[in-house]
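For reference, coords-v9.cif is printed below; it contains mmCIF, C-alpha atoms.
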data_model
loop_
_atom_site.label_atom_id
_atom_site.label_comp_id
_atom_site.auth_asym_id
_atom_site.auth_seq_id
_atom_site.Cartn_x
_atom_site.Cartn_y
_atom_site.Cartn_z
CA MET A 20 -122.59 -86.49 128.25
CA PRO A 21 -120.76 -88.52 130.93
CA ILE A 22 -117.24 -87.56 131.85
CA VAL A 23 -114.56 -89.28 129.81
CA VAL A 24 -111.18 -89.38 131.50
CA THR A 25 -108.42 -91.88 130.86
CA LYS A 26 -109.26 -94.78 133.13
CA ARG A 27 -106.77 -95.98 135.68
CA ALA A 28 -105.98 -99.09 137.70
CA GLU A 29 -109.23 -100.24 139.27
CA THR A 30 -111.35 -99.38 136.24
CA ASN A 31 -109.04 -101.24 133.88
CA PRO A 32 -107.57 -104.37 135.47
CA SER A 33 -105.22 -104.87 132.53
CA ILE A 34 -103.13 -101.91 133.69
CA LYS A 35 -103.19 -102.69 137.41
CA GLY A 36 -99.81 -101.95 138.98
CA GLN A 37 -98.72 -99.75 136.09
CA ASP A 38 -97.96 -96.05 136.28
CA ALA A 39 -99.10 -93.24 134.00
CA ARG A 40 -96.34 -94.20 131.55
CA GLY A 41 -97.31 -97.88 131.56
CA THR A 42 -94.41 -99.13 133.67
CA ASP A 43 -95.11 -102.51 135.28
CA TYR A 44 -93.15 -102.27 138.52
CA ALA A 45 -93.59 -105.88 139.62
CA THR A 46 -92.14 -107.21 136.34
CA LEU A 47 -89.33 -104.67 136.47
CA LEU A 48 -88.47 -105.66 140.05
CA ARG A 49 -88.47 -109.39 139.26
CA ALA A 50 -86.09 -108.76 136.35
CA ALA A 51 -83.83 -106.60 138.53
CA GLN A 52 -83.82 -109.24 141.28
CA GLY A 53 -82.86 -111.81 138.64
CA GLY A 54 -79.71 -109.85 137.81
CA ASN A 55 -80.95 -107.88 134.81
CA GLN A 56 -78.85 -104.69 135.03
CA ALA A 57 -80.96 -102.74 132.52
CA ALA A 58 -84.06 -103.46 134.62
CA MET A 59 -82.27 -102.32 137.76
CA GLU A 60 -81.17 -99.09 136.04
CA ARG A 61 -84.72 -98.44 134.85
CA LEU A 62 -86.10 -99.12 138.32
CA LEU A 63 -83.60 -96.71 139.87
CA MET A 64 -84.42 -94.04 137.29
CA LYS A 65 -88.15 -94.47 137.96
CA THR A 66 -87.48 -94.08 141.67
CA GLN A 67 -85.67 -90.81 141.12
CA GLU A 68 -88.36 -89.51 138.75
CA ILE A 69 -90.99 -90.13 141.42
CA ALA A 70 -88.85 -88.44 144.08
CA TYR A 71 -88.37 -85.41 141.80
CA ARG A 72 -92.10 -84.99 141.15
CA PHE A 73 -92.87 -85.59 144.83
CA SER A 74 -90.40 -82.88 145.91
CA LEU A 75 -91.88 -80.31 143.56
CA LEU A 76 -95.58 -81.10 143.73
CA VAL A 77 -96.11 -82.39 147.28
CA CYS A 78 -93.33 -80.73 149.27
CA GLY A 79 -93.20 -77.66 147.01
CA HIS A 80 -89.43 -77.47 147.38
CA ALA A 81 -87.40 -77.91 144.22
CA ASP A 82 -84.27 -77.34 146.32
CA ASP A 83 -84.81 -80.70 148.03
CA ALA A 84 -85.20 -82.71 144.85
CA ASP A 85 -81.58 -83.84 144.45
CA ASP A 86 -81.31 -84.90 148.10
CA ALA A 87 -84.63 -86.75 147.92
CA MET A 88 -83.64 -88.46 144.66
CA GLN A 89 -80.36 -89.63 146.17
CA GLU A 90 -82.03 -90.90 149.36
CA ALA A 91 -84.76 -92.77 147.45
CA LEU A 92 -82.18 -94.21 145.05
CA LEU A 93 -80.04 -95.67 147.84
CA LYS A 94 -83.01 -97.14 149.72
CA THR A 95 -84.39 -98.78 146.59
CA TYR A 96 -81.01 -100.19 145.59
CA ARG A 97 -80.35 -101.60 149.06
CA HIS A 98 -83.77 -103.17 149.56
CA ALA A 99 -84.92 -104.16 146.06
CA ALA A 100 -83.29 -107.59 146.32
CA GLN A 101 -85.02 -108.35 149.63
CA ILE A 102 -88.59 -107.57 148.59
CA LYS A 103 -90.52 -110.85 148.68
CA GLU A 104 -93.76 -109.66 147.06
CA PRO A 105 -93.11 -107.81 143.80
CA ALA A 106 -96.83 -106.94 143.57
CA ALA A 107 -96.47 -104.83 146.71
CA PHE A 108 -93.31 -103.10 145.48
CA ARG A 109 -95.06 -100.04 144.08
CA THR A 110 -96.64 -99.24 147.44
CA TRP A 111 -93.27 -99.76 149.15
CA LEU A 112 -91.60 -97.48 146.58
CA TYR A 113 -94.01 -94.57 147.15
CA ARG A 114 -93.72 -94.94 150.93
CA THR A 115 -89.95 -94.89 150.55
CA VAL A 116 -90.01 -91.80 148.33
CA LYS A 117 -92.37 -90.06 150.74
CA ASN A 118 -90.02 -90.76 153.65
CA ALA A 119 -86.95 -89.78 151.60
CA CYS A 120 -88.55 -86.44 150.72
CA LEU A 121 -89.55 -85.79 154.32
CA ILE A 122 -86.02 -86.61 155.51
CA SER A 123 -84.44 -84.20 153.01
CA ARG A 124 -86.99 -81.52 154.01
CA ARG A 125 -86.15 -81.91 157.70
CA ARG A 126 -82.48 -81.41 156.87
CA ARG A 127 -83.39 -78.07 155.34
CA VAL A 128 -86.03 -77.10 157.81
CA ASP A 129 -84.30 -73.86 158.76
CA GLU A 130 -84.16 -72.67 155.19
CA PRO A 131 -86.95 -70.47 153.85
CA ALA A 132 -89.57 -72.26 151.77
CA ARG A 133 -89.73 -71.34 148.10
CA LEU A 134 -92.31 -72.63 145.67
CA HIS A 135 -91.50 -73.42 142.08
CA SER A 136 -93.46 -74.91 139.25
CA LEU A 137 -92.49 -78.08 137.39
CA ASP A 138 -91.41 -76.17 134.31
CA GLU A 139 -89.69 -73.32 136.06
CA VAL A 140 -86.60 -74.75 137.62
CA SER A 141 -84.01 -77.41 137.94
CA ILE A 142 -80.97 -77.48 140.18
CA ALA A 143 -77.56 -76.90 138.69
CA PRO A 144 -74.56 -78.83 140.05
CA ASP A 145 -73.53 -75.72 142.01
CA GLY A 146 -76.90 -75.73 143.77
CA SER A 147 -78.34 -72.74 141.92
CA LEU A 148 -81.76 -72.88 140.27
CA GLN A 149 -82.14 -72.65 136.54
CA ARG A 150 -85.06 -72.70 134.16
CA ILE A 151 -85.81 -76.08 132.61
CA ASP A 152 -87.40 -77.36 129.44
CA VAL A 153 -89.37 -80.57 129.73
CA GLU A 154 -91.27 -82.52 127.17
CA ASP A 155 -92.15 -79.52 125.05
CA GLN A 156 -89.40 -79.86 122.48
CA GLY A 157 -90.85 -79.92 118.97
CA ARG A 158 -94.21 -78.52 120.02
CA ARG A 159 -95.75 -75.32 118.73
CA PRO A 160 -94.96 -72.24 120.86
CA ASP A 161 -98.64 -71.77 121.72
CA GLN A 162 -98.82 -75.39 122.97
CA VAL A 163 -95.65 -74.92 124.99
CA MET A 164 -97.06 -71.75 126.54
CA GLU A 165 -100.38 -73.44 127.28
CA ASN A 166 -98.66 -76.45 128.89
CA SER A 167 -96.43 -74.15 130.88
CA ARG A 168 -99.37 -72.04 132.05
CA LEU A 169 -101.31 -75.17 132.99
CA ARG A 170 -98.43 -76.63 134.99
CA GLN A 171 -97.89 -73.38 136.86
CA SER A 172 -101.60 -73.10 137.64
CA LEU A 173 -101.71 -76.72 138.79
CA HIS A 174 -98.66 -76.26 140.98
CA ARG A 175 -100.17 -73.18 142.63
CA ALA A 176 -103.52 -74.93 143.08
CA LEU A 177 -101.86 -77.99 144.66
CA GLN A 178 -100.09 -75.82 147.22
CA THR A 179 -103.46 -74.53 148.45
CA LEU A 180 -104.54 -78.05 149.51
CA PRO A 181 -103.88 -79.42 153.00
CA PRO A 182 -100.71 -81.61 152.91
CA ASP A 183 -102.62 -84.90 153.27
CA SER A 184 -104.98 -84.04 150.42
CA ARG A 185 -102.07 -82.91 148.27
CA LEU A 186 -100.39 -86.25 148.87
CA ILE A 187 -103.57 -88.12 147.90
CA VAL A 188 -104.03 -86.09 144.70
CA PHE A 189 -100.37 -86.65 143.83
CA LEU A 190 -100.55 -90.41 144.32
CA ARG A 191 -103.92 -90.95 142.69
CA GLU A 192 -104.11 -88.36 139.90
CA VAL A 193 -100.52 -87.53 139.06
CA GLU A 194 -98.94 -90.96 139.65
CA GLY A 195 -101.95 -93.10 138.82
CA LEU A 196 -102.01 -95.35 141.90
CA SER A 197 -105.27 -97.17 142.60
CA THR A 198 -107.31 -95.99 145.60
CA ARG A 199 -106.26 -99.20 147.37
CA GLU A 200 -102.58 -98.40 146.81
CA VAL A 201 -103.09 -94.79 147.91
CA ALA A 202 -104.79 -96.02 151.08
CA ALA A 203 -101.82 -98.31 151.78
CA VAL A 204 -99.24 -95.55 151.24
CA VAL A 205 -101.09 -92.90 153.26
CA GLY A 206 -102.35 -95.29 155.95
CA ILE A 207 -106.07 -94.52 155.76
CA SER A 208 -109.12 -96.41 154.47
CA GLU A 209 -110.08 -96.52 150.79
CA ALA A 210 -113.35 -94.77 151.63
CA ASN A 211 -111.41 -91.97 153.30
CA VAL A 212 -109.16 -91.67 150.23
CA LYS A 213 -112.19 -91.31 147.98
CA THR A 214 -113.84 -88.69 150.20
CA ARG A 215 -110.69 -86.59 150.45
CA LEU A 216 -109.95 -86.99 146.76
CA HIS A 217 -113.40 -85.76 145.84
CA ARG A 218 -113.04 -82.66 148.04
CA ALA A 219 -109.54 -82.02 146.72
CA ARG A 220 -110.73 -82.25 143.10
CA LEU A 221 -113.41 -79.65 143.77
CA SER A 222 -110.91 -77.38 145.48
CA LEU A 223 -108.37 -77.77 142.67
CA ARG A 224 -111.07 -77.08 140.10
CA ARG A 225 -111.99 -73.83 141.84
CA HIS A 226 -108.38 -72.68 141.82
CA LEU A 227 -107.71 -73.74 138.24
CA GLU A 228 -110.88 -72.05 136.99
CA ALA A 229 -110.24 -68.85 138.94
CA PRO A 230 -109.35 -65.94 136.64
CA MET J 1 -125.64 -66.65 131.50
CA LYS J 2 -125.03 -69.21 134.24
CA THR J 3 -127.76 -71.67 135.19
CA PRO J 4 -128.17 -71.66 138.99
CA ALA J 5 -127.22 -74.89 140.75
CA SER J 6 -130.20 -76.74 142.21
CA ASP J 7 -130.14 -79.10 145.22
CA ARG J 8 -130.18 -81.95 142.70
CA CYS J 9 -127.08 -80.47 141.01
CA ARG J 10 -125.28 -80.16 144.34
CA SER J 11 -126.15 -83.74 145.23
CA LEU J 12 -124.60 -84.88 141.93
CA LEU J 13 -121.17 -83.40 142.65
CA GLU J 14 -119.95 -86.57 144.34
CA GLN J 15 -121.33 -88.67 141.49
CA LEU J 16 -119.25 -86.68 139.01
CA SER J 17 -116.14 -87.62 140.98
CA LYS J 18 -117.27 -91.25 141.21
CA ASP J 19 -117.84 -91.27 137.46
CA ILE J 20 -114.25 -90.19 136.87
CA ASP J 21 -113.11 -93.17 138.97
CA GLY J 22 -115.51 -95.55 137.24
CA ASP J 23 -117.31 -96.16 140.54
CA LEU J 24 -120.91 -95.61 139.36
CA THR J 25 -123.31 -98.46 138.75
CA PRO J 26 -124.75 -98.61 135.20
CA ALA J 27 -128.07 -97.26 136.51
CA GLU J 28 -126.37 -94.37 138.32
CA ARG J 29 -124.37 -93.57 135.23
CA ARG J 30 -127.48 -93.53 133.02
CA SER J 31 -129.19 -91.20 135.47
CA LEU J 32 -126.15 -88.91 135.60
CA THR J 33 -125.85 -88.87 131.81
CA ALA J 34 -129.53 -87.96 131.46
CA HIS J 35 -129.14 -85.13 133.96
CA LEU J 36 -126.01 -83.76 132.26
CA ARG J 37 -127.83 -83.66 128.92
CA ARG J 38 -130.45 -81.29 130.24
CA CYS J 39 -128.40 -79.32 132.80
CA PRO J 40 -125.73 -76.93 131.43
CA CYS J 41 -124.68 -76.12 134.99
CA CYS J 42 -123.68 -79.72 135.77
CA GLN J 43 -122.24 -80.27 132.29
CA THR J 44 -119.96 -77.29 132.84
CA MET J 45 -118.96 -78.66 136.23
CA ALA J 46 -118.32 -82.11 134.72
CA ASP J 47 -116.13 -80.63 131.96
CA SER J 48 -114.29 -78.54 134.49
CA LEU J 49 -113.60 -81.51 136.79
CA LYS J 50 -112.37 -83.54 133.82
CA HIS J 51 -110.05 -80.67 132.87
CA THR J 52 -108.69 -80.63 136.44
CA VAL J 53 -108.04 -84.37 136.55
CA ASP J 54 -106.46 -84.32 133.07
CA ALA J 55 -104.13 -81.49 134.16
CA CYS J 56 -102.92 -83.64 137.09
CA ARG J 57 -102.43 -86.68 134.88
CA LYS J 58 -100.39 -84.69 132.37
CA ALA J 59 -98.03 -83.64 135.18
CA GLY J 60 -97.40 -87.34 135.86
CA THR J 61 -96.21 -87.99 132.32
CA ALA J 62 -93.80 -85.06 132.02
CA ARG J 63 -90.20 -86.09 131.39
CA LEU J 64 -87.44 -85.06 133.76
CA PRO J 65 -85.55 -81.95 132.67
CA ALA J 66 -82.43 -82.90 130.72
CA ASP J 67 -79.94 -81.76 133.37
CA VAL J 68 -81.82 -83.50 136.20
CA ARG J 69 -81.95 -86.68 134.10
CA LEU J 70 -78.20 -86.51 133.47
CA ARG J 71 -77.47 -86.23 137.18
CA ALA J 72 -79.88 -89.08 137.92
CA ARG J 73 -78.09 -91.31 135.40
CA ALA J 74 -74.71 -90.37 136.88
CA ARG J 75 -75.92 -91.33 140.38
CA ILE J 76 -77.09 -94.72 139.09
CA ALA J 77 -73.80 -95.36 137.31
CA THR J 78 -71.81 -94.48 140.45
CA LEU J 79 -74.02 -96.63 142.65
CA LEU J 80 -73.92 -99.68 140.37
CA ALA J 81 -70.16 -99.35 139.92
CA SER J 82 -69.62 -99.19 143.69
CA GLY J 83 -71.97 -102.16 144.16
CA ALA J 84 -70.04 -104.18 141.58
CA ALA J 85 -66.74 -103.24 143.24
CA THR J 86 -68.07 -104.37 146.64
CA ARG J 87 -69.25 -107.70 145.20
CA HIS J 88 -65.89 -108.18 143.47
CA ARG J 89 -63.99 -107.64 146.76
CA THR J 90 -66.18 -110.09 148.69
#

Here is a file; write its structure as structure tokens.
Amino acid sequence: MPIVVTKRAETNPSIKGQDARGTDYATLLRAAQGGNQAAMERLLMKTQEIAYRFSLLVCGHADDADDAMQEALLKTYRHAAQIKEPAAFRTWLYRTVKNACLISRRRRVDEPARLHSLDEVSIAPDGSLQRIDVEDQGRRPDQVMENSRLRQSLHRALQTLPPDSRLIVFLREVEGLSTREVAAVVGISEANVKTRLHRARLSLRRHLEAP
Amino acid sequence: MKTPASDRCRSLLEQLSKDIDGDLTPAERRSLTAHLRRCPCCQTMADSLKHTVDACRKAGTARLPADVRLRARARIATLLASGAATRHRT
């Protein structure tokens, strides 16, 4: 049987420009630029969500998440009104988040690196780390445990990839960007994205399947 | 017992990835499907790759933890309030 995986951008043109949750960024940006406050709030929340996932999964530093979220939030708020091509906004947003995360990492470069999984931690207002729930409320305990185990395994597997490949997997698989968008964010050709993605998938598979 | 991977199986690895992205031609896809039907080794690999990609995609749909979400909302409220105050002054 062929592989059946939820199809993304380039295999389903009707969802081009949308993320894994179906957000249409270009429409959201146009509404925000037109003075719709709810759209602006949603856009700013989306920005922070991306920065949070980026900090944990690509940088591997939950400690940086709040700084990265703040930085990405400010940049998006300041520049959203000036963006002339809403269709290109998503690429701009991911580049901005990437830079915001790198800036917050550089600020903490002297601190020891610690790796955390998506469902392990969040940062309390006093800066301490605490365990977090996520979307598991109302699910059976065995499902919660399975999701938790899967996320931890995925997080560990991602950290074994070279940084560039981790970034590509994050953008393409986790965030659902098209290969064209990934190429634009990373600054390499689409063919290069596909080659690296293929290798990264095989590497991730090996780590996820390892006992 | 595992079926050993042949050269043909190894050459199909990239096609499995292409299939996930919807990049195969109809003829390539038919050929891949036919091979998977008779090769447990590649079928296992295909299932395993699908599992890997699905695990990544699930991570992209996870909600922010409640406390992180609260702080994110507070930042937005502060920012929009300060923006409104600036506009009001000018």

Checklist entry - Contacts of Ala57 in chain A at 12 Å or less, counting only C-alpha atoms, minus same-chain residues fewer than 4 places along, as an NGL selection string? => result (:A and (47-48 or 50-53 or 61-64)) or (:J and (76-77 or 80))

Item to check | Counting all atoms listed in the file, chain J residues within 10 Å of chain A, as a VMD selection string | outcome: chain J and resid 13 to 23 29 to 38 43 45 to 69 71 to 73 75 to 77 79 to 80 83

Next on the checklist: Expand the PyMOL selection byres ((chain A and resi 101-116) around 9) into the explicit residue set it covers here, and present it as a VMD selection string.
Outcome noted: chain A and resid 36 to 37 44 to 49 52 66 to 67 69 to 70 73 87 to 88 90 to 92 94 to 95 97 to 100 117 to 121 190 196 200 to 201 203 to 205

Checklist entry - What is the distance between CA of Cys42 in chain J and CA of Leu12 in chain J, in Å to one decimal? => result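 Separation between CA of Cys42 in chain J and CA of Leu12 in chain J: 8.1 Å.
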
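Going from CA of Leu180 in chain A to CA of Ser208 in chain A covers 19.6 Å.
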
Checklist entry - Which distance in Å separates CA of Pro182 in chain A and CA of Arg168 in chain A, to one decimal? => result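 Here the two named atoms are 23.0 Å from each other.
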
Item to check | Among the residues J:Leu70, J:Ala81, J:Ala27, J:Cys9, the one that comes closest to Thr44 in chain J [using only C-alpha atoms] | outcome: J:Cys9
